[in-house]
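final25.csv, holding CSV, C-alpha atoms and all ligand atoms:
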chain,number,residue,atom,x,y,z
A,1,MET,CA,0.0,0.0,0.0
A,2,THR,CA,1.1,3.5,-0.8
A,3,ASP,CA,0.1,6.4,1.5
A,4,ILE,CA,0.2,10.0,0.3
A,5,THR,CA,-0.8,13.0,2.5
A,6,VAL,CA,-2.3,16.0,0.7
A,7,ASN,CA,-1.8,19.2,2.6
A,8,ALA,CA,-4.5,21.5,1.2
A,9,SER,CA,-6.8,23.7,3.4
A,10,LYS,CA,-7.4,20.3,5.0
A,11,SER,CA,-4.8,17.6,5.3
A,12,TYR,CA,-5.9,14.1,4.3
A,13,LYS,CA,-4.5,10.7,3.4
A,14,VAL,CA,-4.8,8.9,0.1
A,15,HIS,CA,-4.3,5.2,0.6
A,16,ILE,CA,-3.6,3.3,-2.7
A,17,GLY,CA,-3.3,-0.5,-3.0
A,18,ALA,CA,-4.8,-3.9,-3.8
A,19,GLY,CA,-7.6,-5.2,-1.6
A,20,LEU,CA,-8.3,-1.9,0.3
A,21,LEU,CA,-12.1,-2.0,0.0
A,22,SER,CA,-12.3,-4.4,2.9
A,23,GLU,CA,-10.0,-2.0,4.9
A,24,THR,CA,-12.2,1.1,4.4
A,25,GLY,CA,-13.7,0.7,7.9
A,26,ARG,CA,-10.3,0.3,9.7
A,27,LEU,CA,-8.9,3.3,7.7
A,28,LEU,CA,-11.8,5.5,8.5
A,29,ALA,CA,-11.7,4.5,12.2
A,30,ASP,CA,-8.1,5.8,12.2
A,31,ILE,CA,-9.4,9.3,11.6
A,32,SER,CA,-13.0,9.3,12.9
A,33,LYS,CA,-15.1,8.3,15.8
A,34,PRO,CA,-18.1,6.0,14.9
A,35,CYS,CA,-20.7,8.1,13.0
A,36,ARG,CA,-23.3,7.7,10.3
A,37,VAL,CA,-22.1,7.2,6.8
A,38,MET,CA,-24.2,7.7,3.7
A,39,LEU,CA,-22.7,5.3,1.1
A,40,VAL,CA,-23.4,6.9,-2.3
A,41,SER,CA,-22.9,4.8,-5.4
A,42,ASP,CA,-24.3,4.1,-8.8
A,43,ASP,CA,-26.3,1.1,-9.9
A,44,LYS,CA,-23.4,-0.5,-11.7
A,45,VAL,CA,-20.8,-0.1,-8.9
A,46,LEU,CA,-23.0,-0.8,-5.9
A,47,PRO,CA,-23.7,-4.5,-6.8
A,48,LEU,CA,-20.0,-5.1,-7.5
A,49,TYR,CA,-18.5,-3.5,-4.4
A,50,GLY,CA,-21.2,-2.1,-2.1
A,51,GLU,CA,-21.4,-5.1,0.2
A,52,THR,CA,-17.7,-5.2,0.9
A,53,VAL,CA,-17.6,-1.6,1.8
A,54,LYS,CA,-20.7,-1.7,3.8
A,55,LYS,CA,-19.5,-4.7,5.8
A,56,ALA,CA,-16.1,-3.1,6.4
A,57,LEU,CA,-17.7,0.2,7.7
A,58,THR,CA,-20.3,-1.6,9.8
A,59,ASP,CA,-17.7,-4.0,11.3
A,60,ALA,CA,-15.7,-0.9,12.3
A,61,GLY,CA,-18.7,0.6,14.1
A,62,PHE,CA,-20.1,3.0,11.5
A,63,LEU,CA,-23.8,3.1,10.9
A,64,VAL,CA,-24.3,2.9,7.1
A,65,SER,CA,-27.2,4.2,5.0
A,66,GLU,CA,-27.3,3.9,1.2
A,67,PHE,CA,-28.1,6.2,-1.7
A,68,VAL,CA,-27.9,4.8,-5.2
A,69,PHE,CA,-28.7,6.3,-8.6
A,70,PRO,CA,-28.5,5.2,-12.3
A,71,ASP,CA,-24.9,5.2,-13.6
A,72,GLY,CA,-23.6,7.7,-16.1
A,73,GLU,CA,-23.1,11.4,-16.6
A,74,GLN,CA,-26.8,12.0,-17.2
A,75,SER,CA,-27.3,11.4,-13.5
A,76,LYS,CA,-24.9,14.2,-12.5
A,77,THR,CA,-27.7,16.7,-12.1
A,78,LEU,CA,-29.3,19.1,-9.6
A,79,ALA,CA,-32.2,16.6,-9.4
A,80,THR,CA,-30.0,13.7,-8.2
A,81,PHE,CA,-28.1,16.2,-6.0
A,82,GLY,CA,-31.4,17.3,-4.4
A,83,GLN,CA,-32.5,13.8,-3.8
A,84,LEU,CA,-29.3,13.0,-2.0
A,85,LEU,CA,-29.6,16.1,0.2
A,86,GLU,CA,-33.1,15.1,1.0
A,87,ALA,CA,-32.0,11.5,1.8
A,88,LEU,CA,-29.3,12.9,4.2
A,89,GLY,CA,-32.0,15.1,5.9
A,90,ALA,CA,-34.6,12.3,6.1
A,91,ALA,CA,-32.0,9.9,7.6
A,92,GLY,CA,-31.2,12.6,10.3
A,93,PHE,CA,-27.5,13.2,9.3
A,94,SER,CA,-25.7,15.8,11.4
A,95,ARG,CA,-22.5,17.8,10.9
A,96,SER,CA,-20.5,15.1,12.6
A,97,ASP,CA,-21.6,12.4,10.1
A,98,MET,CA,-20.2,11.8,6.6
A,99,VAL,CA,-20.7,10.9,3.0
A,100,CYS,CA,-18.8,8.1,1.3
A,101,ALA,CA,-18.5,8.2,-2.5
A,102,LEU,CA,-18.0,4.7,-3.9
A,103,GLY,CA,-17.6,4.9,-7.7
A,104,GLY,CA,-16.2,6.8,-10.6
A,105,GLY,CA,-16.0,10.6,-11.1
A,106,VAL,CA,-19.7,11.0,-11.5
A,107,VAL,CA,-20.4,9.5,-8.0
A,108,GLY,CA,-17.4,11.4,-6.5
A,109,ASP,CA,-18.4,14.8,-7.9
A,110,LEU,CA,-22.1,14.5,-7.0
A,111,ALA,CA,-21.6,13.0,-3.5
A,112,GLY,CA,-18.8,15.5,-2.9
A,113,PHE,CA,-21.1,18.4,-3.8
A,114,ALA,CA,-23.8,17.1,-1.5
A,115,ALA,CA,-21.2,16.7,1.3
A,116,ALA,CA,-20.1,20.3,0.6
A,117,SER,CA,-23.6,21.6,0.8
A,118,TYR,CA,-25.5,19.6,3.4
A,119,GLN,CA,-25.6,21.6,6.6
A,120,ARG,CA,-23.0,23.9,5.0
A,121,GLY,CA,-20.5,21.0,4.8
A,122,ILE,CA,-20.0,17.5,6.2
A,123,ARG,CA,-17.0,15.2,5.8
A,124,LEU,CA,-16.4,13.2,2.7
A,125,MET,CA,-14.6,10.0,2.0
A,126,GLN,CA,-13.7,9.1,-1.6
A,127,VAL,CA,-13.5,5.5,-2.7
A,128,PRO,CA,-12.7,5.8,-6.4
A,129,THR,CA,-13.4,2.7,-8.5
A,130,THR,CA,-12.5,4.0,-12.0
A,131,LEU,CA,-8.9,4.7,-13.0
A,132,LEU,CA,-10.0,8.2,-13.9
A,133,ALA,CA,-11.4,8.9,-10.5
A,134,ALA,CA,-8.3,7.4,-8.8
A,135,VAL,CA,-5.8,9.5,-10.8
A,136,ASP,CA,-7.8,12.6,-11.0
A,137,SER,CA,-11.3,13.4,-9.6
A,138,SER,CA,-11.0,11.8,-6.1
A,139,VAL,CA,-8.2,14.1,-5.1
A,140,GLY,CA,-8.2,17.9,-5.1
A,141,GLY,CA,-11.6,18.8,-3.8
A,142,LYS,CA,-13.5,19.8,-7.0
A,143,THR,CA,-17.1,18.7,-6.7
A,144,GLY,CA,-20.2,19.6,-8.7
A,145,VAL,CA,-23.0,18.7,-11.1
A,146,ASP,CA,-23.9,19.6,-14.6
A,147,LEU,CA,-26.4,22.3,-15.6
A,148,GLY,CA,-28.3,22.8,-18.9
A,149,SER,CA,-25.7,25.4,-19.7
A,150,GLY,CA,-22.7,23.0,-19.4
A,151,LYS,CA,-20.7,20.4,-17.5
A,152,ASN,CA,-19.7,21.1,-13.9
A,153,GLN,CA,-21.4,24.5,-13.9
A,154,ALA,CA,-22.6,24.2,-10.3
A,155,GLY,CA,-20.2,23.0,-7.6
A,156,ALA,CA,-17.9,23.7,-4.7
A,157,PHE,CA,-14.3,23.1,-3.5
A,158,HIS,CA,-14.6,20.6,-0.8
A,159,GLN,CA,-11.6,18.4,0.1
A,160,PRO,CA,-12.2,14.9,1.2
A,161,SER,CA,-11.2,13.8,4.7
A,162,LEU,CA,-9.9,10.4,3.4
A,163,VAL,CA,-9.4,8.7,0.0
A,164,VAL,CA,-9.1,4.9,-0.2
A,165,CYS,CA,-8.2,3.6,-3.7
A,166,ASP,CA,-8.5,-0.2,-4.1
A,167,THR,CA,-6.6,-0.9,-7.3
A,168,ASP,CA,-8.3,-4.3,-7.7
A,169,THR,CA,-11.6,-2.5,-8.6
A,170,PHE,CA,-10.1,-1.5,-12.0
A,171,GLY,CA,-10.2,-5.2,-12.9
A,172,THR,CA,-13.9,-4.9,-13.8
A,173,LEU,CA,-13.5,-1.7,-15.9
A,174,ASP,CA,-14.2,-2.0,-19.6
A,175,GLU,CA,-11.5,-1.0,-22.1
A,176,THR,CA,-12.9,2.4,-22.8
A,177,ASN,CA,-13.1,3.4,-19.1
A,178,PHE,CA,-9.6,2.0,-18.4
A,179,ALA,CA,-8.2,4.0,-21.4
A,180,CYS,CA,-9.9,7.2,-20.2
A,181,GLY,CA,-8.0,6.9,-17.0
A,182,CYS,CA,-4.8,6.4,-18.9
A,183,ALA,CA,-5.4,9.7,-20.8
A,184,GLU,CA,-5.3,11.7,-17.5
A,185,ALA,CA,-2.4,9.7,-16.3
A,186,ILE,CA,-0.4,10.2,-19.5
A,187,LYS,CA,-1.2,13.9,-19.0
A,188,CYS,CA,0.4,13.8,-15.6
A,189,GLY,CA,3.5,12.2,-17.2
A,190,VAL,CA,3.8,14.8,-19.9
A,191,LEU,CA,3.3,17.6,-17.3
A,192,ALA,CA,5.7,16.5,-14.6
A,193,ALA,CA,6.7,12.8,-14.5
A,194,PRO,CA,8.8,11.5,-17.4
A,195,ALA,CA,9.2,8.0,-15.8
A,196,LEU,CA,5.4,7.7,-15.6
A,197,PHE,CA,5.1,8.7,-19.3
A,198,GLU,CA,7.7,6.1,-20.3
A,199,LEU,CA,5.8,3.4,-18.5
A,200,PHE,CA,2.8,4.1,-20.8
A,201,GLU,CA,5.1,4.3,-23.8
A,202,ARG,CA,6.2,0.7,-23.0
A,203,GLY,CA,2.6,-0.4,-22.6
A,204,GLU,CA,3.0,-1.5,-19.0
A,205,ALA,CA,-0.2,0.3,-17.6
A,206,ARG,CA,-2.1,-2.8,-16.5
A,207,ASP,CA,0.8,-4.3,-14.6
A,208,ARG,CA,2.0,-1.2,-12.8
A,209,ILE,CA,-1.2,0.3,-11.6
A,210,GLU,CA,-0.4,1.2,-8.0
A,211,GLU,CA,2.7,3.0,-9.2
A,212,ILE,CA,0.7,4.9,-11.8
A,213,VAL,CA,-2.0,6.0,-9.4
A,214,SER,CA,0.6,7.0,-6.8
A,215,ALA,CA,2.6,9.1,-9.4
A,216,CYS,CA,-0.6,10.8,-10.5
A,217,VAL,CA,-1.8,11.6,-7.0
A,218,ASN,CA,1.7,13.0,-6.2
A,219,THR,CA,1.6,15.2,-9.3
A,220,LYS,CA,-1.9,16.4,-8.6
A,221,LYS,CA,-1.0,16.9,-4.9
A,222,SER,CA,1.8,19.3,-5.9
A,223,TYR,CA,-0.4,21.5,-8.0
A,224,VAL,CA,-3.3,21.5,-5.5
A,225,GLU,CA,-1.1,22.3,-2.6
A,226,GLN,CA,0.3,25.3,-4.6
A,227,ASP,CA,-3.0,26.5,-5.8
A,228,GLU,CA,-6.1,24.8,-4.3
A,229,PHE,CA,-8.6,27.2,-5.9
A,230,ASP,CA,-7.4,26.9,-9.5
A,231,THR,CA,-6.2,30.4,-10.3
A,232,GLY,CA,-2.5,29.7,-10.8
A,233,ALA,CA,-0.4,26.5,-11.0
A,234,ARG,CA,-3.4,24.1,-10.8
A,235,ARG,CA,-4.2,25.3,-14.4
A,236,PHE,CA,-1.3,23.1,-15.6
A,237,LEU,CA,-3.7,20.1,-15.0
A,238,ASN,CA,-5.7,21.5,-17.9
A,239,LEU,CA,-3.1,20.2,-20.4
A,240,GLY,CA,-5.1,18.9,-23.4
A,241,HIS,CA,-8.3,20.1,-21.9
A,242,THR,CA,-8.9,23.4,-23.8
A,243,PHE,CA,-9.3,21.5,-27.1
A,244,GLY,CA,-10.4,18.4,-25.2
A,245,HIS,CA,-13.5,20.2,-23.8
A,246,ALA,CA,-14.1,21.5,-27.4
A,247,VAL,CA,-14.0,18.0,-28.8
A,248,GLU,CA,-16.5,16.9,-26.1
A,249,LYS,CA,-18.8,19.7,-26.9
A,250,CYS,CA,-18.5,19.3,-30.7
A,251,SER,CA,-19.4,15.6,-30.3
A,252,ASN,CA,-22.5,16.6,-28.2
A,253,TYR,CA,-20.7,14.9,-25.3
A,254,GLU,CA,-20.8,11.5,-27.1
A,255,THR,CA,-17.0,11.4,-27.0
A,256,PRO,CA,-15.8,10.2,-23.5
A,257,HIS,CA,-13.8,12.8,-21.6
A,258,GLY,CA,-10.6,10.8,-21.6
A,259,PHE,CA,-10.8,10.3,-25.4
A,260,ALA,CA,-11.4,14.0,-25.9
A,261,VAL,CA,-8.5,14.9,-23.6
A,262,SER,CA,-6.3,12.5,-25.6
A,263,THR,CA,-7.2,14.2,-28.9
A,264,GLY,CA,-6.7,17.6,-27.1
A,265,MET,CA,-3.2,16.6,-26.0
A,266,ALA,CA,-2.4,15.5,-29.6
A,267,LEU,CA,-3.6,18.8,-30.9
A,268,ILE,CA,-1.6,20.8,-28.3
A,269,ALA,CA,1.5,18.7,-29.0
A,270,ASP,CA,1.2,19.7,-32.7
A,271,ALA,CA,0.5,23.3,-31.7
A,272,SER,CA,3.6,23.3,-29.5
A,273,VAL,CA,5.7,22.0,-32.5
A,274,LYS,CA,4.1,24.7,-34.7
A,275,GLY,CA,5.1,27.4,-32.1
A,276,GLY,CA,8.7,26.2,-32.1
A,277,TYR,CA,8.6,25.0,-28.5
A,278,LEU,CA,8.6,21.2,-28.9
A,279,LYS,CA,10.6,18.8,-31.1
A,280,PRO,CA,8.5,17.0,-33.7
A,281,GLU,CA,9.9,13.7,-32.6
A,282,THR,CA,8.7,14.3,-29.0
A,283,ALA,CA,5.2,15.2,-30.3
A,284,ALA,CA,5.3,11.9,-32.2
A,285,ARG,CA,6.2,10.0,-28.9
A,286,ILE,CA,3.3,11.6,-27.1
A,287,LYS,CA,0.9,10.5,-29.8
A,288,ALA,CA,2.3,7.0,-30.0
A,289,ALA,CA,2.0,6.6,-26.2
A,290,LEU,CA,-1.7,7.7,-26.4
A,291,GLN,CA,-2.4,5.3,-29.2
A,292,LYS,CA,-0.6,2.4,-27.5
A,293,ASN,CA,-3.0,2.8,-24.6
A,294,GLY,CA,-6.1,2.6,-26.8
A,295,LEU,CA,-6.6,6.4,-27.1
A,296,PRO,CA,-7.5,8.5,-30.2
A,297,THR,CA,-5.2,11.2,-31.5
A,298,ASP,CA,-7.0,12.3,-34.7
A,299,CYS,CA,-9.5,15.1,-34.4
A,300,PRO,CA,-12.6,14.7,-36.6
A,301,TYR,CA,-13.5,18.4,-36.3
A,302,ASP,CA,-12.2,21.3,-38.3
A,303,PRO,CA,-10.4,24.1,-36.5
A,304,ALA,CA,-13.3,26.6,-36.9
A,305,ALA,CA,-15.7,24.3,-35.2
A,306,LEU,CA,-13.2,23.5,-32.4
A,307,VAL,CA,-12.5,27.2,-31.7
A,308,SER,CA,-16.2,28.0,-31.5
A,309,CYS,CA,-16.7,25.2,-29.1
A,310,ALA,CA,-13.7,26.2,-27.0
A,311,ALA,CA,-15.2,29.7,-26.6
A,312,ALA,CA,-17.9,28.1,-24.4
A,313,ASP,CA,-15.3,26.8,-21.9
A,314,LYS,CA,-15.8,28.0,-18.4
A,315,LYS,CA,-12.1,28.8,-18.2
A,316,VAL,CA,-12.5,31.6,-20.7
A,317,SER,CA,-12.5,34.9,-18.9
A,318,GLY,CA,-12.8,38.3,-20.5
A,319,GLY,CA,-12.1,36.9,-24.0
A,320,GLU,CA,-8.8,35.4,-22.7
A,321,ILE,CA,-7.9,31.8,-22.2
A,322,THR,CA,-4.7,30.2,-20.8
A,323,VAL,CA,-3.5,27.1,-22.7
A,324,VAL,CA,-0.9,24.7,-21.5
A,325,LEU,CA,1.9,24.2,-24.1
A,326,ILE,CA,4.6,21.5,-24.1
A,327,ARG,CA,8.4,22.1,-24.3
A,328,ASP,CA,9.4,18.5,-23.5
A,329,ILE,CA,8.1,15.5,-21.6
A,330,GLY,CA,8.0,16.8,-18.0
A,331,ASP,CA,8.3,20.5,-19.1
A,332,CYS,CA,5.1,22.4,-19.9
A,333,PHE,CA,4.2,26.1,-19.6
A,334,LEU,CA,1.1,28.3,-19.3
A,335,GLN,CA,0.4,30.6,-22.3
A,336,PRO,CA,-2.4,33.2,-21.8
A,337,MET,CA,-3.9,34.2,-25.2
A,338,GLU,CA,-6.8,36.0,-26.7
A,339,LEU,CA,-9.6,33.6,-27.6
A,340,SER,CA,-9.5,35.0,-31.1
A,341,ALA,CA,-5.9,33.8,-31.4
A,342,LEU,CA,-6.7,30.2,-30.4
A,343,GLY,CA,-7.3,29.1,-34.0
A,344,GLU,CA,-3.7,30.0,-34.9
A,345,LEU,CA,-2.6,27.1,-32.8
A,346,LEU,CA,-4.3,24.6,-35.0
A,401,LIG,N1,-13.6,16.6,-9.6
A,401,LIG,C1,-12.6,16.5,-10.5
A,401,LIG,O1,-11.5,17.1,-10.2
A,401,LIG,C2,-12.8,15.8,-11.8
A,401,LIG,C3,-11.7,15.5,-12.6
A,401,LIG,C4,-11.9,14.7,-13.7
A,401,LIG,C5,-13.2,14.3,-14.0
A,401,LIG,N2,-14.2,14.6,-13.2
A,401,LIG,C6,-15.6,14.2,-13.5
A,401,LIG,O2,-15.6,12.7,-13.5
A,401,LIG,C7,-16.6,12.2,-14.3
A,401,LIG,C8,-16.0,11.1,-15.1
A,401,LIG,O3,-15.6,10.1,-14.2
A,401,LIG,P1,-15.6,8.6,-14.7
A,401,LIG,O4,-14.9,8.4,-16.0
A,401,LIG,O5,-15.1,7.8,-13.5
A,401,LIG,O6,-17.1,8.3,-14.9
A,401,LIG,P2,-18.3,7.5,-14.2
A,401,LIG,O7,-18.3,7.7,-12.8
A,401,LIG,O8,-19.5,7.7,-15.0
A,401,LIG,O9,-17.8,5.9,-14.5
A,401,LIG,C9,-17.8,5.4,-15.8
A,401,LIG,C10,-18.6,4.1,-15.8
A,401,LIG,O10,-17.8,3.1,-15.2
A,401,LIG,C11,-18.7,2.4,-14.2
A,401,LIG,N3,-17.8,1.9,-13.2
A,401,LIG,C12,-17.3,2.6,-12.2
A,401,LIG,N4,-16.4,1.9,-11.5
A,401,LIG,C13,-16.4,0.6,-12.1
A,401,LIG,C14,-15.7,-0.6,-11.9
A,401,LIG,N5,-14.8,-0.7,-10.9
A,401,LIG,N6,-16.0,-1.6,-12.6
A,401,LIG,C15,-16.9,-1.5,-13.6
A,401,LIG,N7,-17.6,-0.4,-13.9
A,401,LIG,C16,-17.3,0.7,-13.2
A,401,LIG,C17,-19.7,3.4,-13.8
A,401,LIG,O11,-20.9,2.8,-13.3
A,401,LIG,C18,-19.9,4.2,-15.2
A,401,LIG,O12,-20.8,3.4,-16.0
A,401,LIG,C19,-17.1,13.4,-15.2
A,401,LIG,O13,-18.4,13.8,-14.7
A,401,LIG,C20,-16.1,14.5,-14.9
A,401,LIG,O14,-16.6,15.8,-15.0
A,401,LIG,C21,-14.1,15.3,-12.1
A,402,ZN,ZN,-9.9,15.7,-17.3
Would you give me this structure, written as C-alpha cells?
Amino acid sequence: MTDITVNASKSYKVHIGAGLLSETGRLLADISKPCRVMLVSDDKVLPLYGETVKKALTDAGFLVSEFVFPDGEQSKTLATFGQLLEALGAAGFSRSDMVCALGGGVVGDLAGFAAASYQRGIRLMQVPTTLLAAVDSSVGGKTGVDLGSGKNQAGAFHQPSLVVCDTDTFGTLDETNFACGCAEAIKCGVLAAPALFELFERGEARDRIEEIVSACVNTKKSYVEQDEFDTGARRFLNLGHTFGHAVEKCSNYETPHGFAVSTGMALIADASVKGGYLKPETAARIKAALQKNGLPTDCPYDPAALVSCAAADKKVSGGEITVVLIRDIGDCFLQPMELSALGELL
C-alpha cells in the first residue's frame, strides 16, 4: 500500500493499494469516531463493491445508509443532488456524520457536492473505482454537477477527509473506461513525470497500476497544494483540456472525456511544435503513447468548429484563455492568449 498525504486547506491521506475495499472501515476508524455514513454509489458499482464496503464500515462501528442512482453522466444533475440532500436530511444526518462516495468521477463529484452543501459542509470519504477517479477526480476537492448550460457548472471546492483507492476494482472496468483513466495519467506524465510517461510508452499500464495512481496523485497533490482554488499553478492540470473540452462539446458529449483529452493533447503537442517549442519527434512520442494505450489522436472536427466550441469553456475569462503548451516530456508552460488567437494554434 502507498500512502500519500495531501496538505491543502485540509490535510488528508490517500491510501492506494490492492484489496483496500475491505480495509475502508479500519482506515476510516483511524481518523473518525463512529458516526453515520451515507454510502453513495451508482447502480453498476454498488452491486459489485457495495457489500464489501458496507460490511467493512459496519464492522468498524459505523452506521451505514445507502443512496444509489443510475450510472452515467446523465445522473450528475441538480435533481439527483437534491434527492441525495433530502436523503441525508430524512435519515437525520448531522454535521459530525459523513458521505462516502463509492464509484467513478460522477459519483465522487455528485456525492462531494452534496457533502459540501449539506448543513454547509459535512465530511467526505472518496473511494474511487475508476482509474480516472483514482488518478484525477477523487483528489483535489473539486465537486459539482452539470447544468443545462454545461458540465460542472454548479459546484464547490470541498476536500475529502480520506481517500481509499483499491486498485483491484479496476479489474472490472471496460477497455474504454480504463483507457480514459490512462489519458489523464499520461497527461500527468507529460506535465511533470517522465518516468510515468515512459511506462505508458512501453505499454505497462495494466501491470504497474499502484505505481501509476501514486505518481498521478503525487503530481496532482503538488499542483493542488500550490493553488487549491485553481487560479495559478493548478491550471497546468488542464493540459489537453482546452481542445479536449471543445471536442467533447463538438461531439455533443458523445466522446468520452478521456478520449477527448487524448485528442486535445495530440492537438496541443502539434501546436507546440508549430510554435517552435517542442521537437516533432517528442510530439510523435506523445501521440504514439496515447495510441498504444487505446486512445485516439486524430481530431474529426475542423479548426473553426473547435475554436467556436472552445469559446464556451468556463475557463475563458474576459475573452482570454490560458492554454498549456509543451516544451518537453515533464516540461510544460502556461500561455495566456486572446480567444481570437486560439485558431492560430491549429
Ligand atoms: N472533480 C474533479 O476534479 C474531476 C476530474 C476529472 C473528471 N471529473 C468528472 O468525473 C466524471 C467522469 O468520471 P468517470 O470516468 O469515472 O465516470 P463514471 O463515474 O461515469 O464511471 C464510468 C462508468 O464506469 C462504471 N464503473 C465505475 N467503476 C467501475 C468498476 N470498478 N467496474 C466496472 N464499472 C465501473 C460506472 O458505473 C460508469 O458506468 C465526469 O463527470 C467528470 O466531469 C471530475
Ligand atoms: Zn480531465
| field | Within 8 Å of ligand ZN 402 (chain A), counting all atoms listed in the file, residues as a VMD selection string | value | chain A and resid 136 184 237 to 238 241 257 to 258 261
| task | Record the distance separating atom CA of A:Ser272 and atom CA of A:Arg327, expressed in Å with one decimal. | result |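 Answer for the atom CA of A:Ser272 to atom CA of A:Arg327 separation: 7.2 Å.
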| request: Could you give me the residues within 6 Å of ligand LIG 401 (chain A), counting all atoms listed in the file, as a PyMOL selection string? | output: chain A and resi 42+44-45+71-73+103-107+109+129-130+132-133+136-137+142-143+169-170+172-173
| task | Rounded to one decimal place, report the atom CA of A:Thr263-atom CA of A:Ser308 distance in Å. | result |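 So the answer is 16.7 Å.
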| query | Between A:Asp166, A:Asp97, A:Asp302, A:Glu228, which has the minimum distance to A:Tyr49 (counting all atoms listed in the file)? | reply |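 Among the listed residues, the smallest separation from A:Tyr49 belongs to A:Asp166.
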| field | Nearest residue to A:Ala154 from the set A:Leu239, A:Ala260, A:Ala304, A:Leu78 (distances using only C-alpha atoms) | value | A:Leu78
| task | Excluding A:Gly50 and residues on its chain fewer than 5 positions from it, collect all residues at most 12 Å away from it, counting all atoms listed in the file, and give them as a PyMOL selection string. | result | chain A and resi 21-22+24+38-45+55-58+64-68+100-103+127+129+169
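Of note, atom CA of A:Glu225 and atom CA of A:Ala8 are spaced 5.2 Å apart.
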| Near-A:Met265 list (12 Å; all atoms listed in the file; drop same-chain fewer than 6 positions) as a PyMOL selection string | chain A and resi 183-191+237-245+247+258-259+271-272+283-291+295-299+323-326+332
| Which residue of A:Ala266, A:Leu278, A:Ile329, A:Ala311 approaches A:Leu342 most closely, using all atoms listed in the file |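 Ranking A:Ala266, A:Leu278, A:Ile329, A:Ala311 by distance to A:Leu342, first place goes to A:Ala311.
Distances from A:Gly181, A:Gly19, A:Pro194, A:Pro70 to A:Gly330 were compared using only C-alpha atoms, and the smallest one belongs to A:Pro194.
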| request: Could you tell me which of A:Lys315, A:Leu162, A:Val217, A:Lys274 comes closest to A:Asp230 if we count all atoms listed in the file? | output: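 With all atoms listed in the file as the atom set, the closest residue is A:Lys315.
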